[in-house]
Amino acid sequence: MTRLRTATALALALLAAPAMVSAQEVTSLLDNASDTTASPALSSQGTRQRGFVFSLRGGIGMAPEYLGSDEYSVVPDLGFRFHSLRLSDGLDFGDSDAWNDFRGFDVHGSFDFIGERDSSEYDGLRGMEDIDAAVELGIGVGYTAENYRTYADVRRGFGGHEGWVGEAGFDFITRPTSDWRLSMGPRLYWGNDEVADTYFGVSASEATSDRPAYDADGGLLGAGAEFVARYQINRDWGLEGGVTYRSLLNDAADSPIVDDGAQDQWSVRFGVIRVIRLNF
């Protein structure tokens, strides 16, 4: 069960993109105030029907059992994406077209989850203290154009670690057809001393003849790339799959935990997307 929760964190981190709202998106919605879902009665009164649009993704994936592990397990692929909120008083946020990319600058929330690490389940970690599950919450900024997107996020951990992490990425975007969207680009991952020592450090009490004491410092802890392919089946349904590669760097790569595991970390996932539109 621990392995399942640990790998679920990677699926959520890579794939469950946070909500993003930009001034351009709000303007676009105001320019398209007439919603086909609104009833004739509401339209005739000049009042738009309020609504909330979001999408859910569910499927399966595969990811390392813990940070630095060379063992993999099958995990669920879960995701949530906010698209738009329309209020009757004219306050609109997001884009009601769930398959449309956000354009321009945006400020968005950032979330990640790292499952607990139960040392008794892994031979290479026996004798080390367990690490509770951690939730990371933060904020990010980004810019999206027709054929590329860039972003930078910062998050603070709660639970298993209480440090700070950063993530930055750049994606090239292409659409071979109106139904397909492909994106690929590099990723960088940072963590402060608290994060590095929690997941890659070895205290004096945890040290053995094969696992020396190690004090991991923060900094750039990983770099890699991500590829995502999405296919729109119809207005409400779609498919999405992704592959992510991360190479642990600097003090993370030099950790005895990684020496006993793997510096190269891969994760793959495939899920079904369902767009949900709620009127109220």
# chains A, B, ... in the order shown; residues from 1 in each chain; ligands from 1
$ closest_atom_pairs --of "range 120-202 of chain A" --to "range 231-236 of chain A" --cutoff "9 Å" --atoms "only C-alpha atoms" --output "tab-separated table"
residue	atom	partner	partner_atom	distance
A:Ser178	CA	A:Gln232	CA	8.4
A:Asp179	CA	A:Gln232	CA	4.9
A:Trp180	CA	A:Tyr231	CA	4.7
A:Arg181	CA	A:Tyr231	CA	6.6
A:Leu182	CA	A:Tyr231	CA	8.9
$ select_by_dssp --residues "range 53-136 of chain A" --states "strand (DSSP E or B)" --output "JSON, numbers by chain"
{"A": [53, 54, 55, 56, 57, 58, 59, 60, 61, 62, 63, 64, 72, 73, 74, 75, 76, 77, 78, 79, 80, 81, 82, 83, 84, 85, 86, 92, 93, 94, 104, 105, 106, 107, 108, 109, 110, 111, 112, 113, 114, 117, 131, 134, 135, 136]}
$ write_last_selection --atoms "C-alpha atoms" --output "mmCIF file, in the first residue's frame"
data_model
loop_
_atom_site.group_PDB
_atom_site.id
_atom_site.type_symbol
_atom_site.label_atom_id
_atom_site.label_comp_id
_atom_site.auth_asym_id
_atom_site.auth_seq_id
_atom_site.Cartn_x
_atom_site.Cartn_y
_atom_site.Cartn_z
ATOM 1 C CA VAL A 53 -16.386 23.171 -15.863
ATOM 2 C CA PHE A 54 -13.669 20.747 -14.802
ATOM 3 C CA SER A 55 -12.207 17.444 -15.949
ATOM 4 C CA LEU A 56 -11.179 14.247 -14.192
ATOM 5 C CA ARG A 57 -8.594 11.727 -15.343
ATOM 6 C CA GLY A 58 -8.316 8.120 -14.208
ATOM 7 C CA GLY A 59 -6.113 5.270 -15.354
ATOM 8 C CA ILE A 60 -2.957 3.347 -14.482
ATOM 9 C CA GLY A 61 0.765 4.041 -14.468
ATOM 10 C CA MET A 62 4.145 2.834 -13.303
ATOM 11 C CA ALA A 63 6.635 4.734 -11.116
ATOM 12 C CA PRO A 64 9.557 4.197 -8.688
ATOM 13 C CA TYR A 72 8.857 -0.021 -9.887
ATOM 14 C CA SER A 73 5.221 -0.746 -9.184
ATOM 15 C CA VAL A 74 1.877 -0.264 -10.905
ATOM 16 C CA VAL A 75 0.037 2.779 -9.587
ATOM 17 C CA PRO A 76 -3.205 4.649 -10.291
ATOM 18 C CA ASP A 77 -3.137 7.605 -12.662
ATOM 19 C CA LEU A 78 -5.359 10.309 -11.190
ATOM 20 C CA GLY A 79 -5.820 13.915 -12.201
ATOM 21 C CA PHE A 80 -8.059 16.962 -11.821
ATOM 22 C CA ARG A 81 -8.095 20.128 -13.921
ATOM 23 C CA PHE A 82 -10.180 23.254 -13.387
ATOM 24 C CA HIS A 83 -11.344 24.896 -16.616
ATOM 25 C CA SER A 84 -13.864 27.640 -15.860
ATOM 26 C CA LEU A 85 -16.285 29.176 -13.399
ATOM 27 C CA ARG A 86 -19.112 31.353 -14.731
ATOM 28 C CA ASP A 92 -15.996 34.630 -15.298
ATOM 29 C CA PHE A 93 -12.778 32.720 -14.715
ATOM 30 C CA GLY A 94 -10.970 30.372 -17.072
ATOM 31 C CA GLY A 104 -0.894 34.393 -22.307
ATOM 32 C CA PHE A 105 0.453 34.890 -18.791
ATOM 33 C CA ASP A 106 -1.132 33.122 -15.854
ATOM 34 C CA VAL A 107 -0.836 32.679 -12.118
ATOM 35 C CA HIS A 108 -1.811 29.216 -10.929
ATOM 36 C CA GLY A 109 -1.833 26.933 -7.919
ATOM 37 C CA SER A 110 0.726 24.143 -7.613
ATOM 38 C CA PHE A 111 0.236 20.807 -5.821
ATOM 39 C CA ASP A 112 2.187 17.612 -5.312
ATOM 40 C CA PHE A 113 1.981 14.567 -3.057
ATOM 41 C CA ILE A 114 4.800 12.283 -1.931
ATOM 42 C CA ARG A 117 8.327 5.655 2.870
ATOM 43 C CA ILE A 131 8.963 9.119 6.378
ATOM 44 C CA ALA A 134 3.928 14.834 2.412
ATOM 45 C CA VAL A 135 1.603 17.320 0.732
ATOM 46 C CA GLU A 136 3.203 20.184 -1.196
#
$ select_by_dssp --residues "range 151-237 of chain A" --states "helix (DSSP H, G or I)" --output "list in words"
Asp193, Glu194, Val195, Ala196, Asp197, Thr198, Tyr199 and Phe200 of chain A
$ residues_around --residues "Asn250 in chain A" --least-positions-apart "3" --cutoff "7 Å" --atoms "only C-alpha atoms" --output "list of chain:residue names"
A:Leu220, A:Leu221, A:Ala253, A:Asp254
$ write_last_selection --atoms "N, CA, C and O atoms" --output "compact mmCIF listing (two decimals), in the first residue's frame"
# COMPACT_ATOMS: atom_id res chain seq x y z
N LEU A 220 19.90 22.17 -6.87
CA LEU A 220 19.31 21.49 -8.02
C LEU A 220 19.43 19.99 -7.80
O LEU A 220 20.52 19.42 -7.82
N LEU A 221 18.29 19.32 -7.59
CA LEU A 221 18.29 17.91 -7.22
C LEU A 221 17.91 16.98 -8.38
O LEU A 221 18.05 15.77 -8.26
N ALA A 253 22.08 12.69 -6.18
CA ALA A 253 22.74 11.61 -6.93
C ALA A 253 23.84 10.94 -6.12
O ALA A 253 24.11 9.74 -6.28
N ASP A 254 24.48 11.69 -5.20
CA ASP A 254 25.59 11.15 -4.42
C ASP A 254 25.14 10.41 -3.17
O ASP A 254 25.97 9.87 -2.43
$ closest_atom_pairs --of "range 225-260 of chain A" --to "range 189-207 of chain A" --cutoff "7 Å" --atoms "only C-alpha atoms" --output "Markdown table"
| residue | atom | partner | partner_atom | distance |
| --- | --- | --- | --- | --- |
| A:Ala252 | CA | A:Phe200 | CA | 5.8 |
| A:Ser255 | CA | A:Phe200 | CA | 5.6 |
| A:Ile257 | CA | A:Phe200 | CA | 6.3 |
$ write_last_selection --atoms "N, CA and C atoms" --output "PDB file, in the first residue's frame"
ATOM      1  N   ALA A 252      21.640  14.722  -4.301  1.00  0.00           N
ATOM      2  CA  ALA A 252      20.680  13.620  -4.431  1.00  0.00           C
ATOM      3  C   ALA A 252      21.334  12.429  -5.120  1.00  0.00           C
ATOM      4  N   SER A 255      23.861  10.384  -2.907  1.00  0.00           N
ATOM      5  CA  SER A 255      23.333   9.755  -1.694  1.00  0.00           C
ATOM      6  C   SER A 255      23.554   8.243  -1.700  1.00  0.00           C
ATOM      7  N   ILE A 257      21.545   6.207  -0.554  1.00  0.00           N
ATOM      8  CA  ILE A 257      20.233   5.642  -0.894  1.00  0.00           C
ATOM      9  C   ILE A 257      20.116   5.447  -2.399  1.00  0.00           C
TER      10      ILE A 257
END
$ residues_around --residues "Leu188 in chain A" --least-positions-apart "4" --cutoff "9 Å" --atoms "only C-alpha atoms" --output "PyMOL selection string"
chain A and resi 166-169+220-225+246
$ write_last_selection --atoms "all heavy atoms" --output "short mmCIF file (atom, residue, chain, number, x, y, z; two decimals), in the first residue's frame"
data_model
loop_
_atom_site.label_atom_id
_atom_site.label_comp_id
_atom_site.auth_asym_id
_atom_site.auth_seq_id
_atom_site.Cartn_x
_atom_site.Cartn_y
_atom_site.Cartn_z
N GLY A 166 11.11 23.66 -5.79
CA GLY A 166 10.83 24.44 -6.98
C GLY A 166 10.85 23.56 -8.21
O GLY A 166 11.54 22.53 -8.24
N GLU A 167 10.09 23.95 -9.20
CA GLU A 167 10.02 23.18 -10.45
C GLU A 167 9.86 24.16 -11.61
O GLU A 167 9.11 25.14 -11.51
CB GLU A 167 8.86 22.20 -10.42
CG GLU A 167 8.68 21.39 -11.68
CD GLU A 167 7.51 20.42 -11.59
OE1 GLU A 167 7.07 20.10 -10.47
OE2 GLU A 167 7.03 19.99 -12.66
N ALA A 168 10.57 23.93 -12.69
CA ALA A 168 10.46 24.77 -13.87
C ALA A 168 10.47 23.89 -15.11
O ALA A 168 11.10 22.82 -15.12
CB ALA A 168 11.59 25.79 -13.94
N GLY A 169 9.75 24.32 -16.14
CA GLY A 169 9.69 23.52 -17.35
C GLY A 169 9.38 24.34 -18.58
O GLY A 169 8.91 25.49 -18.48
N LEU A 220 19.90 22.17 -6.87
CA LEU A 220 19.31 21.49 -8.02
C LEU A 220 19.43 19.99 -7.80
O LEU A 220 20.52 19.42 -7.82
CB LEU A 220 20.04 21.90 -9.30
CG LEU A 220 19.51 21.31 -10.61
CD1 LEU A 220 18.07 21.78 -10.87
CD2 LEU A 220 20.42 21.69 -11.78
N LEU A 221 18.29 19.32 -7.59
CA LEU A 221 18.29 17.91 -7.22
C LEU A 221 17.91 16.98 -8.38
O LEU A 221 18.05 15.77 -8.26
CB LEU A 221 17.33 17.66 -6.05
CG LEU A 221 17.64 18.42 -4.77
CD1 LEU A 221 16.60 18.10 -3.70
CD2 LEU A 221 19.04 18.11 -4.27
N GLY A 222 17.44 17.53 -9.48
CA GLY A 222 17.05 16.68 -10.59
C GLY A 222 16.79 17.47 -11.86
O GLY A 222 16.48 18.66 -11.82
N ALA A 223 16.93 16.80 -12.99
CA ALA A 223 16.64 17.37 -14.30
C ALA A 223 16.17 16.26 -15.21
O ALA A 223 16.59 15.11 -15.06
CB ALA A 223 17.86 18.07 -14.88
N GLY A 224 15.30 16.59 -16.13
CA GLY A 224 14.80 15.55 -17.02
C GLY A 224 13.92 16.11 -18.12
O GLY A 224 14.12 17.25 -18.57
N ALA A 225 12.93 15.34 -18.52
CA ALA A 225 12.04 15.73 -19.61
C ALA A 225 10.72 15.00 -19.47
O ALA A 225 10.63 13.96 -18.80
CB ALA A 225 12.67 15.42 -20.97
N ARG A 246 13.53 11.58 -15.05
CA ARG A 246 14.24 12.49 -14.16
C ARG A 246 15.56 11.86 -13.75
O ARG A 246 15.59 10.73 -13.26
CB ARG A 246 13.42 12.81 -12.92
CG ARG A 246 14.11 13.78 -11.95
CD ARG A 246 13.39 13.93 -10.63
NE ARG A 246 12.03 14.40 -10.79
CZ ARG A 246 11.25 14.78 -9.77
NH1 ARG A 246 11.72 14.72 -8.53
NH2 ARG A 246 10.02 15.17 -10.00
#
$ atom_distance --atom1 "CA of Asp264 in chain A" --atom2 "CA of Glu121 in chain A"
21.1 Å
$ closest_residue --among "A:Gly115, A:Gly159, A:Asp171, A:Gly68" --to "Gly142 in chain A" --atoms "only C-alpha atoms"
A:Asp171
